[in-house]
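Engineer: See upload-v3.txt below, with compact mmCIF, N, CA and C atoms.
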```
# COMPACT_ATOMS: atom_id res chain seq x y z
N MET A 269 77.86 99.78 84.61
CA MET A 269 79.15 99.18 84.89
C MET A 269 79.14 98.68 86.33
N ARG A 270 79.54 97.46 86.53
CA ARG A 270 79.59 96.88 87.87
C ARG A 270 81.03 96.92 88.35
N LEU A 271 81.23 97.55 89.51
CA LEU A 271 82.56 97.61 90.09
C LEU A 271 82.72 96.48 91.09
N THR A 272 83.81 95.78 90.99
CA THR A 272 84.07 94.69 91.93
C THR A 272 84.72 95.25 93.18
N ARG A 273 84.72 94.46 94.23
CA ARG A 273 85.33 94.87 95.49
C ARG A 273 86.81 95.26 95.30
N PRO A 274 87.60 94.47 94.55
CA PRO A 274 88.99 94.89 94.35
C PRO A 274 89.11 96.23 93.64
N MET A 275 88.21 96.51 92.69
CA MET A 275 88.25 97.79 92.00
C MET A 275 87.93 98.92 92.97
N LEU A 276 86.94 98.72 93.84
CA LEU A 276 86.60 99.73 94.84
C LEU A 276 87.75 99.93 95.82
N ALA A 277 88.38 98.83 96.21
CA ALA A 277 89.52 98.93 97.13
C ALA A 277 90.65 99.70 96.49
N LEU A 278 90.90 99.44 95.22
CA LEU A 278 91.96 100.14 94.51
C LEU A 278 91.65 101.63 94.43
N ALA A 279 90.41 101.97 94.14
CA ALA A 279 90.03 103.39 94.07
C ALA A 279 90.20 104.05 95.43
N GLY A 280 89.78 103.36 96.48
CA GLY A 280 89.93 103.90 97.83
C GLY A 280 91.38 104.04 98.22
N ALA A 281 92.17 103.03 97.88
CA ALA A 281 93.59 103.07 98.22
C ALA A 281 94.28 104.20 97.48
N ALA A 282 93.97 104.37 96.21
CA ALA A 282 94.59 105.44 95.44
C ALA A 282 94.21 106.80 96.02
N ALA A 283 92.95 106.95 96.38
CA ALA A 283 92.51 108.22 96.96
C ALA A 283 93.22 108.49 98.28
N ALA A 284 93.26 107.49 99.12
CA ALA A 284 93.89 107.67 100.44
C ALA A 284 95.37 107.93 100.31
N LEU A 285 96.06 107.18 99.45
CA LEU A 285 97.50 107.36 99.30
C LEU A 285 97.83 108.70 98.67
N ALA A 286 97.00 109.14 97.74
CA ALA A 286 97.26 110.41 97.07
C ALA A 286 96.99 111.60 97.96
N LEU A 287 96.10 111.43 98.89
CA LEU A 287 95.66 112.59 99.65
C LEU A 287 96.07 112.60 101.11
N THR A 288 96.69 111.57 101.61
CA THR A 288 97.04 111.54 103.02
C THR A 288 98.46 112.02 103.23
N GLY A 289 98.71 112.35 104.44
CA GLY A 289 100.03 112.81 104.85
C GLY A 289 99.91 113.21 106.28
N CYS A 290 100.83 114.00 106.73
CA CYS A 290 100.77 114.45 108.11
C CYS A 290 99.69 115.50 108.22
N GLY A 291 98.74 115.28 109.07
CA GLY A 291 97.66 116.23 109.28
C GLY A 291 98.10 117.32 110.22
N SER A 292 97.42 118.44 110.15
CA SER A 292 97.73 119.53 111.07
C SER A 292 96.71 119.51 112.19
N ASP A 293 97.12 120.03 113.32
CA ASP A 293 96.20 120.09 114.44
C ASP A 293 95.24 121.24 114.22
N GLY A 294 93.96 120.95 114.23
CA GLY A 294 92.95 121.99 114.13
C GLY A 294 91.98 121.78 115.26
N ASP A 295 91.23 122.84 115.59
CA ASP A 295 90.32 122.67 116.72
C ASP A 295 89.18 121.74 116.35
N GLY A 296 88.71 121.76 115.10
CA GLY A 296 87.70 120.83 114.65
C GLY A 296 86.41 120.88 115.46
N GLU A 297 86.28 121.85 116.34
CA GLU A 297 85.13 121.92 117.23
C GLU A 297 84.15 123.02 116.83
N ALA A 298 84.29 123.56 115.62
CA ALA A 298 83.35 124.57 115.15
C ALA A 298 81.96 123.95 115.06
N ALA A 299 80.95 124.79 115.01
CA ALA A 299 79.57 124.30 114.92
C ALA A 299 79.43 123.41 113.68
N VAL A 300 78.84 122.24 113.87
CA VAL A 300 78.68 121.28 112.78
C VAL A 300 77.22 121.31 112.34
N PRO A 301 77.00 121.58 111.03
CA PRO A 301 75.62 121.61 110.55
C PRO A 301 75.04 120.21 110.45
N GLU A 302 73.74 120.14 110.24
CA GLU A 302 73.09 118.86 109.99
C GLU A 302 73.75 118.23 108.77
N THR A 303 73.93 116.93 108.78
CA THR A 303 74.62 116.23 107.70
C THR A 303 73.87 116.40 106.38
N ALA A 304 74.62 116.84 105.37
CA ALA A 304 74.06 117.07 104.04
C ALA A 304 73.68 115.74 103.39
N THR A 305 72.74 115.80 102.47
CA THR A 305 72.35 114.63 101.68
C THR A 305 72.20 115.08 100.24
N GLY A 306 72.13 114.12 99.34
CA GLY A 306 71.87 114.45 97.95
C GLY A 306 72.88 113.85 97.00
N SER A 307 72.79 114.28 95.76
CA SER A 307 73.65 113.78 94.70
C SER A 307 75.07 114.31 94.88
N LEU A 308 75.99 113.73 94.14
CA LEU A 308 77.36 114.21 94.18
C LEU A 308 77.41 115.69 93.80
N GLU A 309 76.67 116.07 92.80
CA GLU A 309 76.67 117.47 92.36
C GLU A 309 76.12 118.40 93.45
N HIS A 310 75.08 117.95 94.14
CA HIS A 310 74.51 118.76 95.22
C HIS A 310 75.51 118.91 96.36
N LEU A 311 76.13 117.80 96.77
CA LEU A 311 77.13 117.85 97.84
C LEU A 311 78.31 118.73 97.44
N ALA A 312 78.75 118.61 96.19
CA ALA A 312 79.86 119.42 95.70
C ALA A 312 79.50 120.91 95.77
N ALA A 313 78.28 121.25 95.40
CA ALA A 313 77.85 122.65 95.47
C ALA A 313 77.86 123.14 96.92
N GLU A 314 77.39 122.31 97.85
CA GLU A 314 77.40 122.67 99.27
C GLU A 314 78.83 122.88 99.77
N ALA A 315 79.77 122.09 99.22
CA ALA A 315 81.17 122.17 99.62
C ALA A 315 81.94 123.23 98.84
N LYS A 316 81.25 123.89 97.92
CA LYS A 316 81.86 124.91 97.05
C LYS A 316 82.98 124.30 96.21
N CYS A 317 82.65 123.19 95.56
CA CYS A 317 83.60 122.45 94.73
C CYS A 317 83.04 122.30 93.33
N GLU A 318 83.92 122.41 92.33
CA GLU A 318 83.56 122.05 90.97
C GLU A 318 84.12 120.65 90.74
N PRO A 319 83.28 119.62 90.81
CA PRO A 319 83.79 118.24 90.80
C PRO A 319 84.42 117.84 89.47
N ASP A 320 85.58 117.21 89.54
CA ASP A 320 86.25 116.61 88.40
C ASP A 320 85.94 115.12 88.47
N MET A 321 84.92 114.68 87.73
CA MET A 321 84.44 113.30 87.82
C MET A 321 85.53 112.31 87.42
N GLN A 322 85.71 111.29 88.27
CA GLN A 322 86.67 110.23 88.04
C GLN A 322 85.98 108.89 87.80
N THR A 323 84.88 108.65 88.49
CA THR A 323 84.12 107.41 88.35
C THR A 323 82.64 107.76 88.35
N ASP A 324 81.93 107.25 87.35
CA ASP A 324 80.49 107.49 87.27
C ASP A 324 79.83 106.16 86.94
N ALA A 325 79.57 105.37 87.98
CA ALA A 325 79.00 104.03 87.81
C ALA A 325 77.70 103.93 88.59
N ASP A 326 77.02 102.83 88.43
CA ASP A 326 75.76 102.62 89.14
C ASP A 326 75.94 102.57 90.65
N THR A 327 77.05 102.00 91.12
CA THR A 327 77.24 101.79 92.55
C THR A 327 78.03 102.89 93.25
N ILE A 328 78.87 103.61 92.51
CA ILE A 328 79.69 104.67 93.10
C ILE A 328 79.94 105.77 92.07
N ARG A 329 79.89 107.00 92.55
CA ARG A 329 80.27 108.16 91.75
C ARG A 329 81.36 108.87 92.55
N GLN A 330 82.46 109.19 91.89
CA GLN A 330 83.61 109.74 92.60
C GLN A 330 84.20 110.89 91.81
N ALA A 331 84.54 111.98 92.52
CA ALA A 331 85.12 113.15 91.87
C ALA A 331 86.24 113.71 92.74
N LEU A 332 87.17 114.39 92.09
CA LEU A 332 88.21 115.14 92.79
C LEU A 332 87.72 116.57 92.96
N CYS A 333 88.02 117.14 94.11
CA CYS A 333 87.64 118.52 94.40
C CYS A 333 88.85 119.26 94.97
N GLY A 334 88.81 120.57 94.89
CA GLY A 334 89.84 121.40 95.50
C GLY A 334 91.08 121.54 94.65
N LYS A 335 92.04 122.29 95.21
CA LYS A 335 93.29 122.57 94.53
C LYS A 335 94.44 122.48 95.51
N GLY A 336 95.60 122.08 95.00
CA GLY A 336 96.80 122.04 95.83
C GLY A 336 96.63 121.18 97.06
N ASP A 337 97.03 121.73 98.22
CA ASP A 337 96.93 121.00 99.48
C ASP A 337 95.50 120.85 99.96
N GLU A 338 94.56 121.51 99.31
CA GLU A 338 93.15 121.45 99.71
C GLU A 338 92.37 120.42 98.91
N ARG A 339 93.06 119.53 98.20
CA ARG A 339 92.37 118.52 97.37
C ARG A 339 91.77 117.42 98.23
N TYR A 340 90.64 116.91 97.76
CA TYR A 340 89.98 115.78 98.42
C TYR A 340 89.14 115.03 97.40
N VAL A 341 88.77 113.82 97.75
CA VAL A 341 87.90 112.99 96.93
C VAL A 341 86.51 113.04 97.56
N LEU A 342 85.51 113.23 96.73
CA LEU A 342 84.12 113.20 97.16
C LEU A 342 83.46 112.04 96.42
N ALA A 343 82.84 111.13 97.16
CA ALA A 343 82.21 109.96 96.54
C ALA A 343 80.81 109.76 97.10
N THR A 344 79.91 109.34 96.23
CA THR A 344 78.56 108.98 96.65
C THR A 344 78.33 107.51 96.26
N PHE A 345 77.44 106.86 97.00
CA PHE A 345 77.21 105.43 96.86
C PHE A 345 75.73 105.15 96.68
N ALA A 346 75.42 104.06 95.97
CA ALA A 346 74.03 103.66 95.75
C ALA A 346 73.41 103.08 97.01
N THR A 347 74.23 102.43 97.84
CA THR A 347 73.70 101.79 99.04
C THR A 347 74.56 102.09 100.26
N ASP A 348 73.96 102.01 101.44
CA ASP A 348 74.71 102.17 102.69
C ASP A 348 75.76 101.08 102.83
N ARG A 349 75.39 99.86 102.47
CA ARG A 349 76.31 98.74 102.58
C ARG A 349 77.53 98.94 101.67
N GLY A 350 77.30 99.35 100.45
CA GLY A 350 78.40 99.61 99.52
C GLY A 350 79.33 100.69 100.05
N GLN A 351 78.75 101.72 100.65
CA GLN A 351 79.55 102.78 101.24
C GLN A 351 80.43 102.23 102.37
N ARG A 352 79.83 101.47 103.29
CA ARG A 352 80.58 100.97 104.44
C ARG A 352 81.67 100.01 104.00
N GLU A 353 81.39 99.15 103.02
CA GLU A 353 82.42 98.25 102.51
C GLU A 353 83.59 99.03 101.91
N TRP A 354 83.28 100.08 101.15
CA TRP A 354 84.32 100.92 100.53
C TRP A 354 85.16 101.58 101.62
N ILE A 355 84.51 102.17 102.62
CA ILE A 355 85.24 102.84 103.70
C ILE A 355 86.11 101.85 104.46
N ASN A 356 85.55 100.71 104.83
CA ASN A 356 86.32 99.72 105.59
C ASN A 356 87.55 99.26 104.82
N THR A 357 87.44 99.09 103.52
CA THR A 357 88.59 98.70 102.72
C THR A 357 89.58 99.85 102.58
N ALA A 358 89.09 101.04 102.30
CA ALA A 358 89.97 102.19 102.11
C ALA A 358 90.71 102.57 103.39
N LYS A 359 90.08 102.40 104.54
CA LYS A 359 90.70 102.79 105.81
C LYS A 359 91.97 102.00 106.10
N ASP A 360 92.14 100.85 105.47
CA ASP A 360 93.39 100.09 105.63
C ASP A 360 94.58 100.88 105.10
N TYR A 361 94.34 101.87 104.27
CA TYR A 361 95.41 102.66 103.67
C TYR A 361 95.62 103.99 104.40
N GLY A 362 94.97 104.16 105.54
CA GLY A 362 95.13 105.39 106.31
C GLY A 362 94.19 106.47 105.80
N GLY A 363 94.46 107.69 106.18
CA GLY A 363 93.69 108.83 105.71
C GLY A 363 92.61 109.27 106.67
N TYR A 364 91.91 110.30 106.27
CA TYR A 364 90.84 110.90 107.05
C TYR A 364 89.59 110.94 106.20
N TYR A 365 88.46 110.58 106.82
CA TYR A 365 87.21 110.39 106.11
C TYR A 365 86.10 111.18 106.79
N LEU A 366 85.40 111.97 106.01
CA LEU A 366 84.20 112.65 106.48
C LEU A 366 83.05 111.84 105.90
N VAL A 367 82.20 111.30 106.77
CA VAL A 367 81.19 110.34 106.35
C VAL A 367 79.79 110.87 106.60
N GLY A 368 78.98 110.85 105.56
CA GLY A 368 77.56 111.17 105.65
C GLY A 368 76.77 109.98 105.13
N ARG A 369 75.46 110.13 105.01
CA ARG A 369 74.64 109.03 104.51
C ARG A 369 74.85 108.88 103.01
N LYS A 370 75.45 107.77 102.61
CA LYS A 370 75.74 107.41 101.23
C LYS A 370 76.75 108.35 100.57
N TRP A 371 77.60 109.02 101.35
CA TRP A 371 78.68 109.80 100.77
C TRP A 371 79.87 109.82 101.72
N VAL A 372 81.03 110.12 101.14
CA VAL A 372 82.26 110.24 101.93
C VAL A 372 83.18 111.24 101.22
N ALA A 373 83.92 112.00 102.02
CA ALA A 373 84.98 112.87 101.51
C ALA A 373 86.27 112.37 102.14
N VAL A 374 87.33 112.25 101.33
CA VAL A 374 88.61 111.72 101.79
C VAL A 374 89.69 112.74 101.49
N GLY A 375 90.49 113.08 102.51
CA GLY A 375 91.57 114.02 102.31
C GLY A 375 92.39 114.19 103.56
N HIS A 376 93.22 115.23 103.57
CA HIS A 376 94.01 115.55 104.76
C HIS A 376 93.07 115.88 105.92
N GLU A 377 93.54 115.67 107.11
CA GLU A 377 92.74 115.89 108.31
C GLU A 377 92.14 117.29 108.36
N ASP A 378 92.95 118.31 108.10
CA ASP A 378 92.45 119.68 108.18
C ASP A 378 91.43 119.98 107.08
N VAL A 379 91.58 119.36 105.92
CA VAL A 379 90.65 119.58 104.81
C VAL A 379 89.28 118.99 105.13
N VAL A 380 89.25 117.74 105.61
CA VAL A 380 87.95 117.13 105.92
C VAL A 380 87.32 117.78 107.15
N ALA A 381 88.14 118.25 108.09
CA ALA A 381 87.59 118.97 109.25
C ALA A 381 86.91 120.26 108.79
N ASP A 382 87.52 120.95 107.83
CA ASP A 382 86.92 122.17 107.27
C ASP A 382 85.63 121.84 106.52
N LEU A 383 85.64 120.77 105.74
CA LEU A 383 84.43 120.34 105.01
C LEU A 383 83.29 120.03 105.97
N ARG A 384 83.63 119.50 107.13
CA ARG A 384 82.60 119.15 108.11
C ARG A 384 81.78 120.38 108.50
N GLY A 385 82.39 121.55 108.48
CA GLY A 385 81.68 122.78 108.77
C GLY A 385 80.66 123.16 107.71
N ARG A 386 80.78 122.57 106.51
CA ARG A 386 79.83 122.85 105.43
C ARG A 386 78.88 121.69 105.17
N LEU A 387 79.38 120.45 105.35
CA LEU A 387 78.58 119.27 105.01
C LEU A 387 78.07 118.48 106.21
N GLY A 388 78.56 118.79 107.41
CA GLY A 388 78.22 117.97 108.56
C GLY A 388 78.93 116.64 108.44
N GLY A 389 78.38 115.61 109.01
CA GLY A 389 78.98 114.29 108.91
C GLY A 389 79.83 113.94 110.12
N VAL A 390 80.41 112.76 110.05
CA VAL A 390 81.21 112.20 111.14
C VAL A 390 82.63 111.97 110.63
N LEU A 391 83.62 112.40 111.41
CA LEU A 391 85.01 112.18 111.04
C LEU A 391 85.46 110.79 111.46
N GLU A 392 86.12 110.09 110.54
CA GLU A 392 86.70 108.79 110.82
C GLU A 392 88.14 108.81 110.34
N GLN A 393 88.98 108.04 111.01
CA GLN A 393 90.39 107.99 110.64
C GLN A 393 90.76 106.58 110.23
N GLY A 394 91.55 106.48 109.17
CA GLY A 394 92.04 105.18 108.73
C GLY A 394 93.13 104.66 109.63
N THR A 395 93.57 103.45 109.35
CA THR A 395 94.62 102.80 110.12
C THR A 395 95.94 103.51 109.87
N ARG A 396 96.65 103.82 110.94
CA ARG A 396 97.97 104.43 110.80
C ARG A 396 98.99 103.32 110.60
N HIS A 397 99.88 103.52 109.65
CA HIS A 397 100.94 102.56 109.37
C HIS A 397 102.27 103.26 109.52
N GLY A 398 103.30 102.49 109.72
CA GLY A 398 104.65 103.06 109.78
C GLY A 398 104.95 103.62 111.14
N GLY A 399 105.76 104.65 111.16
CA GLY A 399 106.15 105.27 112.41
C GLY A 399 107.52 104.84 112.87
N GLY A 400 108.17 103.94 112.11
CA GLY A 400 109.54 103.57 112.40
C GLY A 400 109.73 102.71 113.63
N SER A 401 108.70 102.01 114.07
CA SER A 401 108.84 101.20 115.27
C SER A 401 109.48 99.85 114.98
N HIS A 402 109.64 99.47 113.71
CA HIS A 402 110.24 98.20 113.35
C HIS A 402 111.52 98.45 112.57
N PRO A 403 112.52 97.59 112.74
CA PRO A 403 113.75 97.75 111.96
C PRO A 403 113.47 97.62 110.46
N ALA A 404 114.34 98.23 109.67
CA ALA A 404 114.19 98.15 108.22
C ALA A 404 114.17 96.70 107.78
N GLY A 405 113.26 96.38 106.88
CA GLY A 405 113.15 95.04 106.34
C GLY A 405 112.35 94.08 107.20
N HIS A 406 111.92 94.53 108.38
CA HIS A 406 111.14 93.67 109.27
C HIS A 406 109.68 93.92 109.00
N GLY A 407 108.93 92.87 108.76
CA GLY A 407 107.53 92.99 108.39
C GLY A 407 106.61 93.29 109.56
N GLY A 408 107.12 93.41 110.77
CA GLY A 408 106.28 93.74 111.89
C GLY A 408 105.67 92.54 112.57
N HIS A 409 106.04 91.35 112.16
CA HIS A 409 105.50 90.14 112.78
C HIS A 409 106.54 89.54 113.71
N GLY A 410 106.08 89.01 114.83
CA GLY A 410 106.99 88.36 115.77
C GLY A 410 107.58 87.11 115.17
N GLY A 411 108.75 86.74 115.63
CA GLY A 411 109.31 85.55 115.03
C GLY A 411 110.42 84.94 115.78
```
What is this structure when it is put down as structure tokens?
Structural biologist:
Amino acid sequence: MRLTRPMLALAGAAAALALTGCGSDGDGEAAVPETATGSLEHLAAEAKCEPDMQTDADTIRQALCGKGDERYVLATFATDRGQREWINTAKDYGGYYLVGRKWVAVGHEDVVADLRGRLGGVLEQGTRHGGGSHPAGHGGHGG
């Protein structure tokens, strides 16, 4: 199955919107292990997750992990380029991303910070939107 860019963007947007919110302040400075590699199943085992597969395609494999407020999306990619394109598109919807080679975990800030202690990786943050700086009904553009 070939996933198009809009389909990947939709999957990323849904993941980010479903899992983002106000993050909690955590120290996030615990010892970070070497970044994990491997299949989605291997990464899920390292993260102590029983993956609920959502997408199983040639270019991307995506699963839900965790329960309640500890839920996150774990995705693996066939190529580095495919991964970066997915992240760049998904980051437009906000959220927190733990990024490794050909994989990403998306969830609340404290959840991905905790995962970093098991999987390593680099934390990235999506674009923040809102904040009430514009009057209601104003699109944020000068005029």
Engineer: Between atom C of Gln322 of chain A and atom N of Ala346 of chain A, what is the spacing in Å?
Structural biologist: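 Going from atom N of Ala346 of chain A over to atom C of Gln322 of chain A covers 14.2 Å.
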Engineer: Box time for segment 305-309 of chain A: axis-aligned, enclosing all its listed atoms, 6 Å extra on each side; report centre and edge lengths in Å to one decimal, as lines of an AutoDock Vina configuration file.
Structural biologist:
```
center_x = 74.6
center_y = 116.1
center_z = 97.4
size_x = 17.5
size_y = 16.7
size_z = 22.1
```
Engineer: Return the single residue from A:Arg369, A:Arg396, A:Arg384, A:Arg349 that is closest to Pro301 of chain A, with distances computed using all atoms listed in the file.
Structural biologist: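 Checking each candidate against Pro301 of chain A, we get A:Arg384 as the closest.
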Engineer: Could you tell me how far atom C of Leu308 of chain A lies from atom C of Asp348 of chain A, in Å and to one decimal?
Structural biologist: 17.3 Å
Engineer: Record the distance separating atom C of Leu342 of chain A and atom CA of Thr395 of chain A, expressed in Å with one decimal.
Structural biologist: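 Straight-line distance from atom C of Leu342 of chain A to atom CA of Thr395 of chain A works out to 19.9 Å.
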Engineer: For Arg329 of chain A, which of A:Trp371, A:Glu314, A:Ala299, A:Gly363 is the closest residue, counting only C-alpha atoms?
Structural biologist: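 Among the listed residues, A:Trp371 lies closest to Arg329 of chain A.
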Engineer: Taking only C-alpha atoms into account, name the residue in A:Asp360, A:Gly394, A:Glu338, A:Gly306 that is nearest to Ala381 of chain A.
Structural biologist: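 Among A:Asp360, A:Gly394, A:Glu338, A:Gly306, it is A:Glu338 that comes nearest to Ala381 of chain A.
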Engineer: Could you pull out the helix (DSSP H, G or I) residues of segment 299-385 of chain A from DSSP and send them as number ranges by chain?
Structural biologist: A: 308-314, 336-338, 348-361, 377-385
Engineer: Set the distance at 9 Å and use only C-alpha atoms: which residues neighbour Leu387 of chain A once local chain neighbours fewer than 4 positions away are removed? I'd like the list as a ChimeraX atom specification.
Structural biologist: /A:300-305,311,314-315,366,368,383
